[in-house]
Amino acid sequence: MNLKILLLPGDGIGVEVTNAAADVLKAVAKTFGHTLDLSEGLLGGIAIHKTGVPLPEETKNLAMQADATLMGAVGLPEFDTAPPSQRPEAGLLGLRKALDVFANLRPVVTYPELIESSPLKNHVVSGTDMIIVRELTGGLYYGQPRGIGNNRGFNTMSYTRAEVERVTHMAFKLARNRRKKVTSVDKSNVLEVSQFWRQVVSEIGPQYPDVQLEHMLVDNAAMQMVLRPTQFDVMLTENTFGDILSDIGGILAGSIGMLPSASLGATKGLYEPVHGSAPDIAGQNKANPLGAIGSVAAMLEYTFGLVKEAQALNAAIGKVLASGRVTADLRPKGTPATTQEVGEAVGQALALTRVEAI
Ligand code: IPM
Ligand code: MG
């Protein structure tokens, strides 16, 4: 199969983790006999530097033409006081909207090898296997009116029925192939938009009689994630709540550098590790690339339907974790591995896994 993929390294550690992920893609193509058609584009702070805008038209066009896009990270401290529309993050938000990738899937798994990397007690995190389905193209991030003026700042959290419905169906369909439980997270004790969200989700629930639906308030959900994370299977929530709760997922998985994500719509797929650009360690070849590499596995599965390849890649990640050749955030055995070394190790483990399977 020919895999036409756009790489958007972006800012900070986005560059090195995307490089490592691209190496792994090459290893997948070689091992399984696929061809790669890779292109690269500008997004975020680097795009502002080179073109004046965070999402150049050319990048948008490249993403529309590609089968899938792999993004590294966006954000640079020099833009900290810039208005939202002129920040690197605006590029990513514009891209999500342009591709209409309304559902962001963020799996949170505690690998047994990483149990000591989590600051939480072993018995709490052991066995965590949940997926956060974050609505990605609506809510507070995009709501109008918004602005700063007359001594006030304001944003709007708004959802249409259609927006809630499509992401809810995505969550239930995922749950069907998992442990058949959806926890919808909202703030319906305070917000009308959450009451509406809860109402629409409740209307859809009965269409999936095999899946259990529960509702949880977001403050309680944050606590439950660290108290008893194994209770969750699929967690469905709106854009901002999903952004916040998924960072807690980093604590469960041992490091936020571990978390991959897939942003899906009707046709396009954008794959992005959950972590940010981490300017403090950028360019030092020490960032954990496994979130980006896990996002490649998600891409193989969701965009290309290459389930075997995705499984082999996830198994290779597991082997590298077990070997202890990991980056500094994960309590390595001995000297920490570099970003590049982890990518190479995953590629090698993949080739071996493939040989063993034959
Ligand atoms: C994430 C990030 C982004 C978001 C930022 C970089 C705009 O935090 O993907 O979680 O808030 O969606
Ligand atoms: Mg975030």
# chains A, B, ... in the order shown; residues from 1 in each chain; ligands from 1
call {"tool": "residues_near_ligand", "arguments": {"ligand": "ligand 1", "cutoff": "6 Å", "atoms": "only C-alpha atoms and all ligand atoms", "output": "CSV table (one decimal) with C-alpha atoms, in the first residue's frame"}}
result
chain,number,residue,atom,x,y,z
A,74,VAL,CA,3.3,23.6,18.6
A,89,GLU,CA,-1.5,27.1,18.9
A,243,ASP,CA,-7.7,18.8,27.2
A,274,VAL,CA,-0.6,14.7,23.7
call {"tool": "residues_near_ligand", "arguments": {"ligand": "ligand 2", "cutoff": "12 Å", "atoms": "only C-alpha atoms and all ligand atoms", "output": "PyMOL selection string"}}
result
chain A and resi 73-75+89+92-93+104+106+134+136+141+239-250+256-257+259-261+272-277
call {"tool": "closest_residue", "arguments": {"among": "A:Gly324, A:Pro107, A:Pro54, A:Pro336", "to": "Asn285 of chain A", "atoms": "only C-alpha atoms"}}
result
A:Pro336
call {"tool": "residues_around", "arguments": {"residues": "Ala253 of chain A", "least_positions_apart": "4", "cutoff": "7 Å", "atoms": "only C-alpha atoms", "output": "short mmCIF file (atom, residue, chain, number, x, y, z; two decimals) with N, CA and C atoms, in the first residue's frame"}}
result
data_model
loop_
_atom_site.label_atom_id
_atom_site.label_comp_id
_atom_site.auth_asym_id
_atom_site.auth_seq_id
_atom_site.Cartn_x
_atom_site.Cartn_y
_atom_site.Cartn_z
N VAL A 108 -5.14 5.94 27.27
CA VAL A 108 -4.27 6.04 28.45
C VAL A 108 -4.10 4.63 29.00
N VAL A 109 -2.90 4.10 28.84
CA VAL A 109 -2.63 2.72 29.25
C VAL A 109 -1.43 2.74 30.19
N THR A 110 -1.53 1.99 31.29
CA THR A 110 -0.36 1.84 32.15
C THR A 110 0.35 0.55 31.77
N SER A 118 5.09 6.10 37.36
CA SER A 118 3.97 6.92 37.82
C SER A 118 4.18 7.29 39.28
N GLY A 249 -3.94 11.89 32.44
CA GLY A 249 -3.60 10.60 31.85
C GLY A 249 -2.09 10.37 31.81
N MET A 258 4.41 9.60 26.86
CA MET A 258 3.95 8.28 26.39
C MET A 258 2.65 8.36 25.59
#
call {"tool": "closest_residue", "arguments": {"among": "A:Met216, A:Ala292, A:Thr128, A:Ala29", "to": "Met71 of chain A", "atoms": "only C-alpha atoms"}}
result
A:Ala292
call {"tool": "residues_around", "arguments": {"residues": "Arg87 of chain A", "least_positions_apart": "2", "cutoff": "10 Å", "atoms": "only C-alpha atoms", "output": "ChimeraX atom specification"}}
result
/A:44-45,48,53-54,74-85,89-92
call {"tool": "write_last_selection", "arguments": {"atoms": "N, CA and C atoms", "output": "compact mmCIF listing (two decimals), in the first residue's frame"}}
result
# COMPACT_ATOMS: atom_id res chain seq x y z
N GLY A 44 2.65 26.28 13.28
CA GLY A 44 2.99 26.81 14.60
C GLY A 44 3.98 27.95 14.55
N GLY A 45 4.84 28.02 15.58
CA GLY A 45 5.78 29.13 15.69
C GLY A 45 6.74 29.20 14.52
N ILE A 48 5.08 30.88 11.73
CA ILE A 48 5.00 32.34 11.93
C ILE A 48 6.33 32.97 11.54
N VAL A 53 2.32 33.57 9.38
CA VAL A 53 1.06 33.03 9.95
C VAL A 53 1.28 31.62 10.49
N PRO A 54 0.49 31.23 11.53
CA PRO A 54 0.72 29.91 12.14
C PRO A 54 0.26 28.72 11.28
N VAL A 74 3.22 22.22 18.94
CA VAL A 74 3.33 23.65 18.63
C VAL A 74 3.40 24.45 19.92
N GLY A 75 4.05 25.60 19.85
CA GLY A 75 4.11 26.52 20.98
C GLY A 75 5.54 26.95 21.28
N LEU A 76 5.73 28.27 21.43
CA LEU A 76 7.04 28.81 21.78
C LEU A 76 6.83 29.93 22.80
N PRO A 77 7.72 30.01 23.81
CA PRO A 77 7.51 30.99 24.88
C PRO A 77 7.48 32.44 24.38
N GLU A 78 8.17 32.72 23.27
CA GLU A 78 8.21 34.11 22.80
C GLU A 78 6.83 34.63 22.40
N PHE A 79 5.86 33.73 22.20
CA PHE A 79 4.50 34.17 21.82
C PHE A 79 3.55 34.20 23.02
N ASP A 80 4.10 34.06 24.22
CA ASP A 80 3.25 33.94 25.41
C ASP A 80 2.24 35.07 25.58
N THR A 81 2.60 36.26 25.16
CA THR A 81 1.68 37.38 25.37
C THR A 81 0.95 37.79 24.09
N ALA A 82 1.16 37.03 23.02
CA ALA A 82 0.48 37.36 21.75
C ALA A 82 -1.00 37.00 21.86
N PRO A 83 -1.88 37.70 21.11
CA PRO A 83 -3.29 37.34 21.11
C PRO A 83 -3.48 35.93 20.56
N PRO A 84 -4.50 35.20 21.05
CA PRO A 84 -4.68 33.80 20.64
C PRO A 84 -4.60 33.57 19.14
N SER A 85 -5.13 34.48 18.35
CA SER A 85 -5.17 34.23 16.90
C SER A 85 -3.80 34.34 16.25
N GLU A 89 -0.37 28.03 18.61
CA GLU A 89 -1.49 27.12 18.87
C GLU A 89 -2.64 27.34 17.89
N ALA A 90 -2.79 28.60 17.43
CA ALA A 90 -3.88 28.90 16.49
C ALA A 90 -3.72 28.08 15.20
N GLY A 91 -2.47 27.77 14.85
CA GLY A 91 -2.23 26.96 13.66
C GLY A 91 -2.82 25.57 13.81
N LEU A 92 -2.59 24.98 14.98
CA LEU A 92 -3.11 23.64 15.23
C LEU A 92 -4.64 23.65 15.28
call {"tool": "select_by_dssp", "arguments": {"residues": "segment 44-209 of chain A", "states": "helix (DSSP H, G or I)", "output": "PyMOL selection string"}}
result
chain A and resi 45-51+57-65+77-79+84-86+88-99+112-117+122-125+139-141+161-176+192-207
call {"tool": "select_by_dssp", "arguments": {"residues": "segment 10-199 of chain A", "states": "strand (DSSP E)", "output": "JSON, numbers by chain"}}
result
{"A": [10, 35, 36, 37, 38, 39, 40, 68, 69, 70, 71, 72, 73, 103, 104, 105, 106, 107, 108, 109, 129, 130, 131, 132, 133, 134, 135, 147, 148, 149, 152, 153, 154, 181, 182, 183, 184, 185, 186]}
call {"tool": "closest_residue", "arguments": {"among": "A:Lys121, A:Arg179, A:Lys268, A:Arg146", "to": "Asp100 of chain A", "atoms": "only C-alpha atoms"}}
result
A:Lys268
call {"tool": "residues_around", "arguments": {"residues": "Ala171 of chain A", "least_positions_apart": "2", "cutoff": "7 Å", "atoms": "only C-alpha atoms", "output": "PyMOL selection string"}}
result
chain A and resi 133+167-169+173-175+234+236
call {"tool": "write_last_selection", "arguments": {"atoms": "N, CA and C atoms", "output": "compact mmCIF listing (two decimals), in the first residue's frame"}}
result
# COMPACT_ATOMS: atom_id res chain seq x y z
N VAL A 133 -12.24 10.21 24.74
CA VAL A 133 -12.72 10.71 23.46
C VAL A 133 -13.07 12.18 23.68
N VAL A 167 -19.76 12.94 17.91
CA VAL A 167 -18.67 12.47 18.77
C VAL A 167 -19.18 11.39 19.73
N THR A 168 -20.46 11.49 20.09
CA THR A 168 -21.05 10.47 20.98
C THR A 168 -21.11 9.12 20.27
N HIS A 169 -21.52 9.15 19.01
CA HIS A 169 -21.55 7.89 18.25
C HIS A 169 -20.16 7.27 18.18
N LYS A 173 -19.26 3.54 19.57
CA LYS A 173 -18.73 2.52 18.66
C LYS A 173 -17.40 1.97 19.17
N LEU A 174 -16.59 2.86 19.71
CA LEU A 174 -15.32 2.40 20.29
C LEU A 174 -15.57 1.47 21.47
N ALA A 175 -16.51 1.86 22.32
CA ALA A 175 -16.79 1.08 23.54
C ALA A 175 -17.25 -0.32 23.19
N VAL A 234 -14.29 3.97 28.17
CA VAL A 234 -14.29 5.11 27.25
C VAL A 234 -14.81 6.33 28.01
N LEU A 236 -16.01 10.08 27.49
CA LEU A 236 -16.43 11.01 26.44
C LEU A 236 -16.58 12.40 27.05
call {"tool": "closest_residue", "arguments": {"among": "A:Leu270, A:Leu25, A:Leu70, A:Ile317", "to": "Arg96 of chain A", "atoms": "only C-alpha atoms"}}
result
A:Leu270
call {"tool": "closest_residue", "arguments": {"among": "A:Val296, A:Ala103, A:Ala345, A:Ala328", "to": "Glu238 of chain A", "atoms": "only C-alpha atoms"}}
result
A:Ala103
call {"tool": "atom_distance", "arguments": {"atom1": "atom CA of Val320 of chain A", "atom2": "atom CA of Thr35 of chain A"}}
result
25.0 Å
call {"tool": "residues_around", "arguments": {"residues": "segment 218-233 of chain A", "least_positions_apart": "2", "cutoff": "9 Å", "atoms": "only C-alpha atoms", "output": "PyMOL selection string"}}
result
chain A and resi 120+124-132+175+178-183+185-187+216+235+237+241+244-245+248-249+251-252
call {"tool": "atom_distance", "arguments": {"atom1": "atom CA of Pro119 of chain A", "atom2": "atom CA of Gly254 of chain A"}}
result
7.5 Å
call {"tool": "residues_around", "arguments": {"residues": "segment 158-163 of chain A", "least_positions_apart": "5", "cutoff": "10 Å", "atoms": "only C-alpha atoms", "output": "number ranges by chain"}}
result
A: 102-103, 135-144, 168, 192-194, 196-197, 199-201, 238
call {"tool": "atom_distance", "arguments": {"atom1": "atom CA of Asn288 of chain A", "atom2": "atom CA of Leu300 of chain A"}}
result
20.3 Å
call {"tool": "closest_residue", "arguments": {"among": "A:Gly334, A:Gly347, A:Pro145, A:Gly305", "to": "Lys30 of chain A", "atoms": "only C-alpha atoms"}}
result
A:Gly347
call {"tool": "decode", "arguments": {"residues": "segment 200-211 of chain A", "atoms": "N, CA, C and O atoms", "output": "PDB file, in the first residue's frame"}}
result
ATOM      1  N   VAL A 200     -28.367  15.085  25.110  1.00  0.00           N
ATOM      2  CA  VAL A 200     -28.153  14.470  23.789  1.00  0.00           C
ATOM      3  C   VAL A 200     -27.464  13.108  23.936  1.00  0.00           C
ATOM      4  O   VAL A 200     -27.856  12.129  23.297  1.00  0.00           O
ATOM      5  N   VAL A 201     -26.458  13.031  24.811  1.00  0.00           N
ATOM      6  CA  VAL A 201     -25.761  11.755  25.016  1.00  0.00           C
ATOM      7  C   VAL A 201     -26.759  10.708  25.544  1.00  0.00           C
ATOM      8  O   VAL A 201     -26.768   9.549  25.096  1.00  0.00           O
ATOM      9  N   SER A 202     -27.641  11.122  26.454  1.00  0.00           N
ATOM     10  CA  SER A 202     -28.625  10.187  27.020  1.00  0.00           C
ATOM     11  C   SER A 202     -29.606   9.708  25.965  1.00  0.00           C
ATOM     12  O   SER A 202     -30.110   8.583  26.031  1.00  0.00           O
ATOM     13  N   GLU A 203     -29.908  10.548  24.994  1.00  0.00           N
ATOM     14  CA  GLU A 203     -30.824  10.138  23.929  1.00  0.00           C
ATOM     15  C   GLU A 203     -30.180   9.093  23.023  1.00  0.00           C
ATOM     16  O   GLU A 203     -30.851   8.205  22.513  1.00  0.00           O
ATOM     17  N   ILE A 204     -28.879   9.209  22.845  1.00  0.00           N
ATOM     18  CA  ILE A 204     -28.184   8.282  21.936  1.00  0.00           C
ATOM     19  C   ILE A 204     -27.888   6.946  22.616  1.00  0.00           C
ATOM     20  O   ILE A 204     -27.908   5.892  21.984  1.00  0.00           O
ATOM     21  N   GLY A 205     -27.665   6.985  23.916  1.00  0.00           N
ATOM     22  CA  GLY A 205     -27.292   5.784  24.675  1.00  0.00           C
ATOM     23  C   GLY A 205     -28.109   4.540  24.329  1.00  0.00           C
ATOM     24  O   GLY A 205     -27.532   3.482  24.018  1.00  0.00           O
ATOM     25  N   PRO A 206     -29.450   4.632  24.330  1.00  0.00           N
ATOM     26  CA  PRO A 206     -30.264   3.434  24.073  1.00  0.00           C
ATOM     27  C   PRO A 206     -30.040   2.803  22.702  1.00  0.00           C
ATOM     28  O   PRO A 206     -30.398   1.643  22.480  1.00  0.00           O
ATOM     29  N   GLN A 207     -29.435   3.551  21.761  1.00  0.00           N
ATOM     30  CA  GLN A 207     -29.129   2.943  20.451  1.00  0.00           C
ATOM     31  C   GLN A 207     -28.004   1.911  20.565  1.00  0.00           C
ATOM     32  O   GLN A 207     -27.743   1.169  19.631  1.00  0.00           O
ATOM     33  N   TYR A 208     -27.339   1.915  21.704  1.00  0.00           N
ATOM     34  CA  TYR A 208     -26.248   0.966  21.945  1.00  0.00           C
ATOM     35  C   TYR A 208     -26.553   0.196  23.233  1.00  0.00           C
ATOM     36  O   TYR A 208     -25.907   0.412  24.260  1.00  0.00           O
ATOM     37  N   PRO A 209     -27.566  -0.678  23.181  1.00  0.00           N
ATOM     38  CA  PRO A 209     -28.030  -1.343  24.411  1.00  0.00           C
ATOM     39  C   PRO A 209     -26.958  -2.202  25.067  1.00  0.00           C
ATOM     40  O   PRO A 209     -27.035  -2.485  26.270  1.00  0.00           O
ATOM     41  N   ASP A 210     -25.952  -2.620  24.291  1.00  0.00           N
ATOM     42  CA  ASP A 210     -24.894  -3.453  24.854  1.00  0.00           C
ATOM     43  C   ASP A 210     -23.841  -2.634  25.594  1.00  0.00           C
ATOM     44  O   ASP A 210     -22.937  -3.189  26.217  1.00  0.00           O
ATOM     45  N   VAL A 211     -23.940  -1.305  25.512  1.00  0.00           N
ATOM     46  CA  VAL A 211     -22.934  -0.454  26.165  1.00  0.00           C
ATOM     47  C   VAL A 211     -23.565   0.272  27.350  1.00  0.00           C
ATOM     48  O   VAL A 211     -24.638   0.861  27.240  1.00  0.00           O
TER      49      VAL A 211
END
